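Worksheet for the structure shown next.
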Amino acid sequence: MRGALMTSVRTWLGYPYPLGATWLGNGVNFALFSETAASVELCLFEDIDATEENIRIPVTEHTDQVWHVFLPDVRPGQLYGFRVSGPYDPERGLRFNSSKLLLDPYAKAIAGDVSWADEMFGYVVGSKDEDLTQDFRDDAWGVPKSVVINNAFDWHHDKRLGIPLHSSVIYEVHVKGFSKLWQEVPEELRGTYAALGSPAAIDYFKKLGVTAVELLPVHAHIEDKALIDRGLTNYWGYNTIGFFAPHAQYSSSGQFGEQVFEFKTMVRSLHAAGIEVILDVVYNHTAEGNHLGPTLCFRGIDNLAYYRLQPDNARFYLDFTGTGNTFNLLHPRALQLVMDSLRYWILEMHVDGFRFDLASTLARDHEGVNKLHAFFEIIHQDPVLSQVKLIAEPWDVGEGGYQVGNFPVLWAEWNGKYRDAVRSFWKGDEGRIGEMGYRLTGSPDLYQYNGRRPYASINFVTAHDGFTLTDLVSYNEKHNELNGDENRDGDNNNQSWNCGVEGPTDDPQINALRNRQRRNFLATLFLSQGVPMLTAGDEWGKSQNGNNNAYCQDNEISWFNWKRDEKQNRFLEFTRTLIQLRKNHPVFRRPKFFQGRRIRGSETRDVMWFNPGGNEMSEEEWISPFVRCVGILLSGDATDVLNFEGEPIRDDTFLLLINAHYESIPFVLPGQEQIEWQLILDTMDSDGFPMEPKKFSSGDDFDLGGRVVCLFRLVSGAQAQAREESWKKRRVEFPPISAEEERARGS
């Protein structure tokens, strides 16, 4: 037991399942897979500062390649690790070294940090033959320890919310950066799970209107030695070492199992407020790096099983991730670990879904990315995994890794083509209007052919990786000097435009243009079919001073600044209103693709495209390099949303006008009959939503400003009258469908 010195302990044979350390009420069962180990020892530690284990227990039983032992005298809170013996022969892919204490791959909690020194490496650092000479120095004094936990928790009848993906608004956020500077949160809670689940945070999320928080990696991760040496940290956390353990440094209550309780409490609080929790998970690689990396866990337990090695030289690792190694999902036990981890976070931690980092890597076999990979097959048939939100980052750095549009059914994707098309269009590039037609309507060119829906497209303009929205309109070039890599890191192809001056300026015209461009980007994002993802801070104008790769900036560059000025608060209000507009109107979040079909009893189709002359777009105009202006009519009679009785829900009909040309263009408002349009959104307006919306008639010349988005609502005419009569007949109030009703009908 932690805190009480044990010099001896009773041992029973134990069980090979479940893997990891499991508290059974009368003791703890330990089980560790290793296919090629010669022997395994379980090491127990008195406290986190102990320089060596106080007891070492030989694990003599092994069943089906799993080493196991049961300790009736051990309780939750116990610190432990493993020492695994076997050949040290890197040229054959064998890197056993019993001098190195190893984390349990199934550890549910991890305490402590790496105290970087040469002892943390399995080879003699600096030797002429690099990693071929074994290091026999003990490293237990400087590595993290696994923690036995008690999994009991009162969930108060909590369960996953099941919000339909097409009705979701995802908010990508970093646990620490969100609240680190927030004075409304008690100082001791700032930057933690408790802060993210606090009443202040929940109130902010609710007022903003998001339905899900997507958390940057919360799996236990390691701070890279190279970054520590430069006075930096791996702030984003894409350096996983524990696939089951919440990162302890985000816990306000402790690291000896308390982080698990705090994470669960956060999820329970967010769920009670109707907000889902999605985890950004990194199963494609681990923190152990390439052949010159440290030996902390997987490498010392079974290097051949856990990593993809070069087929002609097992000393070196296959690297499809850019991090030095690739996790070996071709091995059944490595694949099992990933699936067990996913189920654990769903069943025990109650999360609602996952965003898979570099997901193409997870589906690689010996031939390349394979849509029939066992990774997909297991998830698709699993009654637990198949029912949560599955979001792929559909690329990696290997050959053929860019797979946008190619993931199978059940999967949504970060739509990189949406990001690139929208950025390029609003920058004013030629020949983008045709692709914008696809991106605005849920990218049917990518997702419709294989039976997927518009919600397969996770639409985003910015993400954690890249410029913030404010920097996107303020910088032409990246400015990553503070990262310590001479500005060589980060993407050079940002499709950004500084509007005339690099960085901050006092020029009122440039600032007005930048603010309008930000409104254009968000209006495009939230009025597109698909699922919008908002990067935390973009809703009010967060800047990283031009840094487009702030992965190592654990400071004010990345943290939220809650002291906002009046302009930032006005932009926040614009974002809130925009999200509410989308929420109120099912026509902007259809669960099915437009078909271009006529609405019964009308000449209007479910979607129609107009040129500035008020006529339908021609094929020549769609492919013209000079067209930067288009109108989209979205019929409220074709939302494809049903009420409880299975009847279609009618919505307002909208006309969306977008103009990426720098000059204003007169636009003839469409309509064969005498109808009336009301202007409800105009990004030329400094607030985005006019205080007194004006009305216009069909056939009017509307002066569509340069670089602007305008949204009109049909307020009178035959179609508007039919909608009103339909609502009266059904006796429903607008909006006619709630999130709860959508969940109940399950579309």
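Going through the structure tokens in order, the chains are called A, B, and so on, while each chain numbers its residues from 1 and the ligands are numbered from 1 in the order shown.
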Within 9 Å of Glu556 in chain A, counting only C-alpha atoms, which residues show up once you throw out same-chain ones fewer than 2 positions away? Write them as an MDAnalysis selection string, please.
chainID A and resid 177 181 544 553:554 558:561
Output file for the selection above: all heavy atoms, as an mmCIF file, in the first residue's frame:
```cif
data_model
loop_
_atom_site.group_PDB
_atom_site.id
_atom_site.type_symbol
_atom_site.label_atom_id
_atom_site.label_comp_id
_atom_site.auth_asym_id
_atom_site.auth_seq_id
_atom_site.Cartn_x
_atom_site.Cartn_y
_atom_site.Cartn_z
ATOM 1 N N GLY A 177 -5.243 25.250 -21.441
ATOM 2 C CA GLY A 177 -5.235 26.592 -22.005
ATOM 3 C C GLY A 177 -6.544 27.332 -21.852
ATOM 4 O O GLY A 177 -6.568 28.560 -21.765
ATOM 5 N N LEU A 181 -5.976 31.182 -17.208
ATOM 6 C CA LEU A 181 -5.956 32.596 -16.811
ATOM 7 C C LEU A 181 -7.331 33.112 -16.400
ATOM 8 O O LEU A 181 -7.522 34.326 -16.298
ATOM 9 C CB LEU A 181 -5.418 33.453 -17.972
ATOM 10 C CG LEU A 181 -4.020 33.129 -18.474
ATOM 11 C CD1 LEU A 181 -3.671 33.995 -19.677
ATOM 12 C CD2 LEU A 181 -2.986 33.308 -17.371
ATOM 13 N N GLN A 544 -2.243 34.125 -31.870
ATOM 14 C CA GLN A 544 -0.990 33.517 -31.421
ATOM 15 C C GLN A 544 0.202 34.262 -32.017
ATOM 16 O O GLN A 544 1.287 33.703 -32.161
ATOM 17 C CB GLN A 544 -0.949 32.029 -31.789
ATOM 18 C CG GLN A 544 -1.992 31.211 -31.055
ATOM 19 C CD GLN A 544 -2.077 29.760 -31.469
ATOM 20 O OE1 GLN A 544 -2.796 28.973 -30.855
ATOM 21 N NE2 GLN A 544 -1.399 29.378 -32.545
ATOM 22 N N GLN A 553 4.100 25.804 -26.912
ATOM 23 C CA GLN A 553 3.943 27.088 -26.221
ATOM 24 C C GLN A 553 2.912 26.976 -25.097
ATOM 25 O O GLN A 553 1.743 27.292 -25.263
ATOM 26 C CB GLN A 553 3.537 28.169 -27.230
ATOM 27 C CG GLN A 553 4.549 28.408 -28.335
ATOM 28 C CD GLN A 553 5.870 28.941 -27.798
ATOM 29 O OE1 GLN A 553 5.913 29.605 -26.771
ATOM 30 N NE2 GLN A 553 6.950 28.641 -28.506
ATOM 31 N N ASP A 554 3.372 26.515 -23.948
ATOM 32 C CA ASP A 554 2.517 26.411 -22.766
ATOM 33 C C ASP A 554 2.596 27.728 -22.002
ATOM 34 O O ASP A 554 3.162 27.818 -20.913
ATOM 35 C CB ASP A 554 2.989 25.242 -21.902
ATOM 36 C CG ASP A 554 2.030 24.934 -20.767
ATOM 37 O OD1 ASP A 554 0.980 25.609 -20.676
ATOM 38 O OD2 ASP A 554 2.336 24.023 -19.962
ATOM 39 N N SER A 558 -0.726 30.510 -26.103
ATOM 40 C CA SER A 558 -1.762 29.493 -26.297
ATOM 41 C C SER A 558 -2.956 29.641 -25.367
ATOM 42 O O SER A 558 -4.056 29.208 -25.701
ATOM 43 C CB SER A 558 -1.152 28.095 -26.109
ATOM 44 O OG SER A 558 -0.119 27.846 -27.047
ATOM 45 N N TRP A 559 -2.755 30.210 -24.198
ATOM 46 C CA TRP A 559 -3.836 30.279 -23.209
ATOM 47 C C TRP A 559 -4.876 31.330 -23.581
ATOM 48 O O TRP A 559 -4.578 32.318 -24.245
ATOM 49 C CB TRP A 559 -3.271 30.620 -21.835
ATOM 50 C CG TRP A 559 -2.258 29.652 -21.313
ATOM 51 C CD1 TRP A 559 -2.032 28.376 -21.735
ATOM 52 C CD2 TRP A 559 -1.309 29.900 -20.276
ATOM 53 N NE1 TRP A 559 -1.015 27.806 -21.031
ATOM 54 C CE2 TRP A 559 -0.544 28.717 -20.117
ATOM 55 C CE3 TRP A 559 -1.033 30.990 -19.457
ATOM 56 C CZ2 TRP A 559 0.478 28.615 -19.176
ATOM 57 C CZ3 TRP A 559 -0.016 30.888 -18.513
ATOM 58 C CH2 TRP A 559 0.723 29.713 -18.380
ATOM 59 N N PHE A 560 -6.094 31.095 -23.137
ATOM 60 C CA PHE A 560 -7.168 32.080 -23.283
ATOM 61 C C PHE A 560 -6.853 33.338 -22.481
ATOM 62 O O PHE A 560 -6.405 33.258 -21.335
ATOM 63 C CB PHE A 560 -8.485 31.498 -22.739
ATOM 64 C CG PHE A 560 -9.390 30.937 -23.793
ATOM 65 C CD1 PHE A 560 -8.896 30.152 -24.812
ATOM 66 C CD2 PHE A 560 -10.750 31.193 -23.756
ATOM 67 C CE1 PHE A 560 -9.738 29.631 -25.769
ATOM 68 C CE2 PHE A 560 -11.599 30.672 -24.705
ATOM 69 C CZ PHE A 560 -11.096 29.893 -25.718
ATOM 70 N N ASN A 561 -7.125 34.488 -23.076
ATOM 71 C CA ASN A 561 -7.097 35.751 -22.338
ATOM 72 C C ASN A 561 -8.543 36.174 -22.109
ATOM 73 O O ASN A 561 -9.241 36.563 -23.034
ATOM 74 C CB ASN A 561 -6.338 36.823 -23.124
ATOM 75 C CG ASN A 561 -6.261 38.138 -22.370
ATOM 76 O OD1 ASN A 561 -6.807 38.284 -21.280
ATOM 77 N ND2 ASN A 561 -5.574 39.100 -22.953
#
```
Test item: residues at most 9 Å from range 50-63 of chain A, only C-alpha atoms, excluding those fewer than 3 positions along its chain, as a PyMOL selection string:
chain A and resi 5-9+11+13-16+31-33+39-47+66-69+80-81+138-142
Using only C-alpha atoms, which protein or nucleic acid residues come within 6 Å of Ile632 in chain A? Drop anything in the same chain fewer than 5 positions from it, and give the result as a PyMOL selection string.
chain A and resi 608-609+655-656
I'd like a table as CSV: residues in range 276-346 of chain A with an atom no more than 12 Å from range 20-27 of chain A, each row giving the shortest atom pair and its distance in Å to one decimal, only C-alpha atoms counted, sorted by chain and rising residue number.
```
residue,atom,partner,partner_atom,distance
A:Leu337,CA,A:Gly20,CA,10.4
A:Asp340,CA,A:Gly20,CA,10.9
A:Ser341,CA,A:Gly20,CA,11.3
```
I need the residue nearest Thr653 in chain A from this list: A:Arg343, A:Arg299, A:Lys695, A:Arg713. Use only C-alpha atoms for the distance.
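For Thr653 in chain A, the nearest of the given residues is A:Arg713.
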Using DSSP on the backbone, list every residue of range 235-326 of chain A that comes out as helix (DSSP H, G or I), and give them as a ChimeraX atom specification.
/A:248-250,258-272,298-306
Residues of the last selection are to be written out with N, CA, C and O atoms, as a compact mmCIF listing (two decimals), in the first residue's frame.
```
# COMPACT_ATOMS: atom_id res chain seq x y z
N ALA A 248 -2.15 13.36 -15.72
CA ALA A 248 -2.23 13.75 -14.32
C ALA A 248 -2.02 15.24 -14.11
O ALA A 248 -2.52 15.81 -13.14
N GLN A 249 -1.27 15.89 -14.99
CA GLN A 249 -0.98 17.31 -14.81
C GLN A 249 -2.19 18.19 -15.05
O GLN A 249 -2.15 19.39 -14.78
N TYR A 250 -3.29 17.62 -15.57
CA TYR A 250 -4.54 18.37 -15.72
C TYR A 250 -5.48 18.13 -14.54
O TYR A 250 -6.65 18.51 -14.59
N GLU A 258 -6.69 10.14 -8.26
CA GLU A 258 -7.63 11.25 -8.15
C GLU A 258 -7.94 11.86 -9.52
O GLU A 258 -9.04 12.38 -9.73
N GLN A 259 -6.98 11.79 -10.45
CA GLN A 259 -7.21 12.35 -11.78
C GLN A 259 -8.33 11.61 -12.51
O GLN A 259 -9.05 12.20 -13.32
N VAL A 260 -8.50 10.32 -12.21
CA VAL A 260 -9.58 9.55 -12.83
C VAL A 260 -10.93 10.03 -12.30
O VAL A 260 -11.87 10.26 -13.07
N PHE A 261 -11.02 10.20 -11.00
CA PHE A 261 -12.25 10.69 -10.37
C PHE A 261 -12.59 12.09 -10.89
O PHE A 261 -13.75 12.38 -11.20
N GLU A 262 -11.59 12.95 -11.01
CA GLU A 262 -11.84 14.32 -11.46
C GLU A 262 -12.29 14.35 -12.92
O GLU A 262 -13.18 15.13 -13.28
N PHE A 263 -11.69 13.51 -13.75
CA PHE A 263 -12.11 13.44 -15.16
C PHE A 263 -13.56 12.99 -15.25
O PHE A 263 -14.36 13.57 -15.99
N LYS A 264 -13.93 11.97 -14.50
CA LYS A 264 -15.30 11.48 -14.52
C LYS A 264 -16.27 12.55 -14.04
O LYS A 264 -17.37 12.71 -14.60
N THR A 265 -15.88 13.28 -13.02
CA THR A 265 -16.74 14.35 -12.51
C THR A 265 -16.96 15.42 -13.57
O THR A 265 -18.08 15.94 -13.72
N MET A 266 -15.90 15.76 -14.32
CA MET A 266 -16.02 16.72 -15.41
C MET A 266 -17.03 16.23 -16.46
O MET A 266 -17.91 16.98 -16.88
N VAL A 267 -16.90 14.98 -16.86
CA VAL A 267 -17.81 14.43 -17.87
C VAL A 267 -19.24 14.45 -17.36
O VAL A 267 -20.18 14.85 -18.06
N ARG A 268 -19.44 14.04 -16.12
CA ARG A 268 -20.78 14.02 -15.53
C ARG A 268 -21.40 15.41 -15.53
O ARG A 268 -22.58 15.59 -15.85
N SER A 269 -20.62 16.42 -15.19
CA SER A 269 -21.12 17.79 -15.14
C SER A 269 -21.46 18.31 -16.54
O SER A 269 -22.49 18.96 -16.74
N LEU A 270 -20.60 18.03 -17.50
CA LEU A 270 -20.87 18.47 -18.88
C LEU A 270 -22.10 17.77 -19.44
O LEU A 270 -22.93 18.40 -20.09
N HIS A 271 -22.24 16.49 -19.18
CA HIS A 271 -23.42 15.75 -19.65
C HIS A 271 -24.69 16.31 -19.03
O HIS A 271 -25.73 16.42 -19.70
N ALA A 272 -24.64 16.65 -17.76
CA ALA A 272 -25.83 17.19 -17.10
C ALA A 272 -26.27 18.49 -17.75
O ALA A 272 -27.45 18.84 -17.71
N PHE A 298 6.39 0.31 -23.94
CA PHE A 298 6.16 -0.69 -24.99
C PHE A 298 7.46 -1.28 -25.53
O PHE A 298 7.56 -2.48 -25.77
N ARG A 299 8.46 -0.42 -25.73
CA ARG A 299 9.72 -0.87 -26.32
C ARG A 299 10.38 -1.95 -25.46
O ARG A 299 10.93 -2.92 -25.99
N GLY A 300 10.32 -1.78 -24.15
CA GLY A 300 10.97 -2.74 -23.26
C GLY A 300 10.12 -3.94 -22.93
O GLY A 300 10.64 -4.93 -22.40
N ILE A 301 8.81 -3.87 -23.24
CA ILE A 301 7.92 -5.00 -22.95
C ILE A 301 7.89 -5.99 -24.11
O ILE A 301 8.01 -7.20 -23.92
N ASP A 302 7.74 -5.47 -25.32
CA ASP A 302 7.76 -6.33 -26.50
C ASP A 302 7.84 -5.45 -27.74
O ASP A 302 6.82 -5.13 -28.37
N ASN A 303 9.03 -5.04 -28.08
CA ASN A 303 9.25 -4.13 -29.20
C ASN A 303 8.72 -4.68 -30.51
O ASN A 303 8.15 -3.95 -31.33
N LEU A 304 8.88 -5.99 -30.72
CA LEU A 304 8.43 -6.61 -31.97
C LEU A 304 6.92 -6.57 -32.11
O LEU A 304 6.39 -6.45 -33.22
N ALA A 305 6.21 -6.68 -31.01
CA ALA A 305 4.75 -6.71 -31.06
C ALA A 305 4.14 -5.33 -31.19
O ALA A 305 3.16 -5.13 -31.91
N TYR A 306 4.70 -4.34 -30.50
CA TYR A 306 4.05 -3.04 -30.39
C TYR A 306 4.41 -2.05 -31.49
O TYR A 306 3.70 -1.07 -31.69
```
Could you write out, as a VMD selection string, all the residues of range 351-413 of chain A that DSSP marks as strand (DSSP E or B)?
chain A and resid 353 to 356 364 369 389 to 392 411 to 413
Please produce an output containing all heavy atoms for each residue in the selection, written as a tab-separated table (two decimals), in the first residue's frame.
```
chain	number	residue	atom	x	y	z
A	353	GLY	N	-17.29	10.10	-27.90
A	353	GLY	CA	-16.71	9.85	-29.21
A	353	GLY	C	-15.24	10.19	-29.23
A	353	GLY	O	-14.65	10.62	-28.22
A	354	PHE	N	-14.65	10.01	-30.41
A	354	PHE	CA	-13.21	10.18	-30.56
A	354	PHE	C	-12.88	10.86	-31.88
A	354	PHE	O	-13.55	10.65	-32.89
A	354	PHE	CB	-12.50	8.82	-30.52
A	354	PHE	CG	-12.82	7.98	-29.31
A	354	PHE	CD1	-13.82	7.02	-29.37
A	354	PHE	CD2	-12.14	8.17	-28.12
A	354	PHE	CE1	-14.14	6.25	-28.27
A	354	PHE	CE2	-12.46	7.40	-27.01
A	354	PHE	CZ	-13.45	6.45	-27.08
A	355	ARG	N	-11.84	11.65	-31.84
A	355	ARG	CA	-11.20	12.16	-33.05
A	355	ARG	C	-9.84	11.48	-33.11
A	355	ARG	O	-9.01	11.63	-32.21
A	355	ARG	CB	-11.08	13.68	-33.00
A	355	ARG	CG	-10.36	14.31	-34.20
A	355	ARG	CD	-8.89	14.51	-33.93
A	355	ARG	NE	-8.22	15.25	-34.98
A	355	ARG	CZ	-6.90	15.40	-35.06
A	355	ARG	NH1	-6.10	14.82	-34.17
A	355	ARG	NH2	-6.35	16.11	-36.02
A	356	PHE	N	-9.59	10.72	-34.18
A	356	PHE	CA	-8.39	9.89	-34.28
A	356	PHE	C	-7.29	10.65	-35.02
A	356	PHE	O	-7.41	10.93	-36.21
A	356	PHE	CB	-8.70	8.58	-34.99
A	356	PHE	CG	-9.61	7.67	-34.23
A	356	PHE	CD1	-10.99	7.85	-34.26
A	356	PHE	CD2	-9.10	6.63	-33.47
A	356	PHE	CE1	-11.83	7.01	-33.55
A	356	PHE	CE2	-9.94	5.79	-32.76
A	356	PHE	CZ	-11.32	5.98	-32.80
A	364	ARG	N	-3.18	1.16	-41.96
A	364	ARG	CA	-2.10	0.73	-42.86
A	364	ARG	C	-1.75	-0.74	-42.65
A	364	ARG	O	-1.60	-1.20	-41.52
A	364	ARG	CB	-0.84	1.58	-42.66
A	364	ARG	CG	-0.92	2.94	-43.30
A	364	ARG	CD	0.42	3.65	-43.25
A	364	ARG	NE	0.37	4.94	-43.93
A	364	ARG	CZ	0.58	5.14	-45.22
A	364	ARG	NH1	0.89	4.09	-45.99
A	364	ARG	NH2	0.51	6.33	-45.75
A	369	VAL	N	-2.70	2.11	-47.08
A	369	VAL	CA	-3.94	2.34	-46.34
A	369	VAL	C	-5.03	1.42	-46.88
A	369	VAL	O	-5.31	1.42	-48.08
A	369	VAL	CB	-4.38	3.81	-46.44
A	369	VAL	CG1	-5.67	4.04	-45.66
A	369	VAL	CG2	-3.27	4.73	-45.92
A	389	LYS	N	-19.44	8.63	-31.67
A	389	LYS	CA	-18.94	9.49	-32.75
A	389	LYS	C	-17.50	9.11	-33.08
A	389	LYS	O	-16.63	9.10	-32.21
A	389	LYS	CB	-19.06	10.96	-32.35
A	389	LYS	CG	-20.51	11.43	-32.25
A	389	LYS	CD	-20.62	12.87	-31.80
A	389	LYS	CE	-22.06	13.37	-31.92
A	389	LYS	NZ	-22.99	12.65	-31.04
A	390	LEU	N	-17.27	8.80	-34.34
A	390	LEU	CA	-15.95	8.39	-34.83
A	390	LEU	C	-15.51	9.41	-35.88
A	390	LEU	O	-16.09	9.51	-36.95
A	390	LEU	CB	-16.01	7.00	-35.44
A	390	LEU	CG	-16.54	5.88	-34.54
A	390	LEU	CD1	-16.78	4.62	-35.34
A	390	LEU	CD2	-15.57	5.61	-33.39
A	391	ILE	N	-14.48	10.17	-35.56
A	391	ILE	CA	-14.01	11.24	-36.44
A	391	ILE	C	-12.55	10.98	-36.77
A	391	ILE	O	-11.72	10.84	-35.87
A	391	ILE	CB	-14.16	12.62	-35.77
A	391	ILE	CG1	-15.63	12.87	-35.38
A	391	ILE	CG2	-13.65	13.72	-36.67
A	391	ILE	CD1	-15.82	14.09	-34.51
A	392	ALA	N	-12.25	10.93	-38.05
A	392	ALA	CA	-10.89	10.66	-38.50
A	392	ALA	C	-10.18	11.94	-38.93
A	392	ALA	O	-10.79	12.79	-39.58
A	392	ALA	CB	-10.90	9.68	-39.68
A	411	TRP	N	-17.96	6.61	-40.22
A	411	TRP	CA	-16.89	7.55	-39.91
A	411	TRP	C	-17.19	8.93	-40.47
A	411	TRP	O	-17.64	9.09	-41.60
A	411	TRP	CB	-15.56	7.07	-40.50
A	411	TRP	CG	-14.98	5.93	-39.73
A	411	TRP	CD1	-15.34	4.62	-39.81
A	411	TRP	CD2	-13.95	6.01	-38.75
A	411	TRP	NE1	-14.60	3.88	-38.94
A	411	TRP	CE2	-13.73	4.70	-38.28
A	411	TRP	CE3	-13.18	7.05	-38.23
A	411	TRP	CZ2	-12.77	4.42	-37.30
A	411	TRP	CZ3	-12.23	6.77	-37.26
A	411	TRP	CH2	-12.03	5.46	-36.81
A	412	ALA	N	-16.94	9.94	-39.65
A	412	ALA	CA	-16.86	11.32	-40.13
A	412	ALA	C	-15.38	11.66	-40.29
A	412	ALA	O	-14.50	10.97	-39.77
A	412	ALA	CB	-17.53	12.28	-39.15
A	413	GLU	N	-15.11	12.73	-41.01
A	413	GLU	CA	-13.73	13.11	-41.28
A	413	GLU	C	-13.51	14.60	-41.10
A	413	GLU	O	-14.39	15.40	-41.44
A	413	GLU	CB	-13.35	12.76	-42.73
A	413	GLU	CG	-13.47	11.32	-43.12
A	413	GLU	CD	-13.21	11.12	-44.60
A	413	GLU	OE1	-12.78	12.08	-45.28
A	413	GLU	OE2	-13.43	10.01	-45.09
```
Nearby residues (only C-alpha atoms) at most 9 Å from Val218 in chain A, same-chain spacing under 5 positions excluded, as a PDB file with N, CA and C atoms, in the first residue's frame:
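Ended up saving to part_13.pdb:
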```
ATOM      1  N   HIS A 174      -8.326  23.028 -25.545  1.00  0.00           N
ATOM      2  CA  HIS A 174      -7.256  22.458 -24.728  1.00  0.00           C
ATOM      3  C   HIS A 174      -7.644  22.592 -23.260  1.00  0.00           C
ATOM      4  N   VAL A 175      -7.550  21.509 -22.502  1.00  0.00           N
ATOM      5  CA  VAL A 175      -7.999  21.517 -21.110  1.00  0.00           C
ATOM      6  C   VAL A 175      -7.299  22.617 -20.319  1.00  0.00           C
ATOM      7  N   GLY A 237       0.227  17.760 -26.378  1.00  0.00           N
ATOM      8  CA  GLY A 237       0.083  16.432 -25.792  1.00  0.00           C
ATOM      9  C   GLY A 237       0.034  15.281 -26.774  1.00  0.00           C
ATOM     10  N   THR A 240       1.795  10.395 -26.568  1.00  0.00           N
ATOM     11  CA  THR A 240       1.144   9.514 -25.596  1.00  0.00           C
ATOM     12  C   THR A 240       2.075   8.429 -25.071  1.00  0.00           C
ATOM     13  N   ALA A 245      -4.865   6.199 -19.198  1.00  0.00           N
ATOM     14  CA  ALA A 245      -4.703   7.089 -18.049  1.00  0.00           C
ATOM     15  C   ALA A 245      -4.945   8.541 -18.421  1.00  0.00           C
ATOM     16  N   PRO A 246      -5.829   9.259 -17.700  1.00  0.00           N
ATOM     17  CA  PRO A 246      -5.950  10.701 -17.909  1.00  0.00           C
ATOM     18  C   PRO A 246      -4.649  11.393 -17.491  1.00  0.00           C
ATOM     19  N   HIS A 247      -4.241  12.386 -18.266  1.00  0.00           N
ATOM     20  CA  HIS A 247      -3.004  13.091 -17.981  1.00  0.00           C
ATOM     21  C   HIS A 247      -3.079  13.717 -16.593  1.00  0.00           C
ATOM     22  N   ALA A 248      -2.151  13.359 -15.724  1.00  0.00           N
ATOM     23  CA  ALA A 248      -2.229  13.746 -14.315  1.00  0.00           C
ATOM     24  C   ALA A 248      -2.017  15.239 -14.112  1.00  0.00           C
ATOM     25  N   TYR A 250      -3.291  17.622 -15.575  1.00  0.00           N
ATOM     26  CA  TYR A 250      -4.541  18.370 -15.723  1.00  0.00           C
ATOM     27  C   TYR A 250      -5.484  18.134 -14.544  1.00  0.00           C
ATOM     28  N   LEU A 279     -12.881  12.933 -27.362  1.00  0.00           N
ATOM     29  CA  LEU A 279     -11.450  12.928 -27.092  1.00  0.00           C
ATOM     30  C   LEU A 279     -10.647  12.861 -28.380  1.00  0.00           C
ATOM     31  N   ASP A 280      -9.628  13.691 -28.470  1.00  0.00           N
ATOM     32  CA  ASP A 280      -8.630  13.594 -29.529  1.00  0.00           C
ATOM     33  C   ASP A 280      -7.629  12.539 -29.078  1.00  0.00           C
ATOM     34  N   VAL A 281      -7.582  11.400 -29.766  1.00  0.00           N
ATOM     35  CA  VAL A 281      -6.776  10.266 -29.320  1.00  0.00           C
ATOM     36  C   VAL A 281      -5.649   9.985 -30.308  1.00  0.00           C
TER      37      VAL A 281
END
```
Proximity to Asn493 in chain A - best of A:Leu472, A:Leu101, A:Leu572, A:Cys552, only C-alpha atoms:
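Selected residue with least distance to Asn493 in chain A: A:Leu472.
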For Asn415 in chain A, list every protein, DNA or RNA residue within 8 Å, evaluated using only C-alpha atoms, and leave out those in the same chain fewer than 4 positions away; present the list as a list in words.
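My reading of the contact set: Val404, Gly405, Arg419, Ser457, Ile458, Asn459 and Phe460 of chain A.
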Close residues, Val185 in chain A itself excluded, 8 Å, only C-alpha atoms, min 3 positions apart in chain, as an MDAnalysis selection string:
chainID A and resid 179 182 189:190 195 198 200
Write to file, as an mmCIF file, in the first residue's frame, the residues of the selection just made, with N, CA and C atoms.
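The result, stored in part.cif:
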```cif
data_model
loop_
_atom_site.group_PDB
_atom_site.id
_atom_site.type_symbol
_atom_site.label_atom_id
_atom_site.label_comp_id
_atom_site.auth_asym_id
_atom_site.auth_seq_id
_atom_site.Cartn_x
_atom_site.Cartn_y
_atom_site.Cartn_z
ATOM 1 N N SER A 179 -8.705 27.516 -19.303
ATOM 2 C CA SER A 179 -9.032 28.154 -18.023
ATOM 3 C C SER A 179 -7.822 28.631 -17.229
ATOM 4 N N TRP A 182 -8.268 32.214 -16.138
ATOM 5 C CA TRP A 182 -9.661 32.622 -15.920
ATOM 6 C C TRP A 182 -9.899 32.933 -14.451
ATOM 7 N N LEU A 189 -7.953 25.534 -9.296
ATOM 8 C CA LEU A 189 -8.623 24.683 -10.287
ATOM 9 C C LEU A 189 -8.269 25.065 -11.725
ATOM 10 N N ARG A 190 -7.643 26.191 -11.912
ATOM 11 C CA ARG A 190 -7.407 26.671 -13.272
ATOM 12 C C ARG A 190 -6.501 25.718 -14.047
ATOM 13 N N ALA A 195 -11.877 22.606 -13.760
ATOM 14 C CA ALA A 195 -12.229 23.915 -14.314
ATOM 15 C C ALA A 195 -13.090 23.768 -15.552
ATOM 16 N N SER A 198 -16.564 23.134 -14.549
ATOM 17 C CA SER A 198 -17.066 24.061 -13.530
ATOM 18 C C SER A 198 -18.312 24.780 -14.015
ATOM 19 N N ALA A 200 -18.827 27.926 -14.261
ATOM 20 C CA ALA A 200 -18.462 29.039 -15.134
ATOM 21 C C ALA A 200 -18.215 28.559 -16.556
#
```
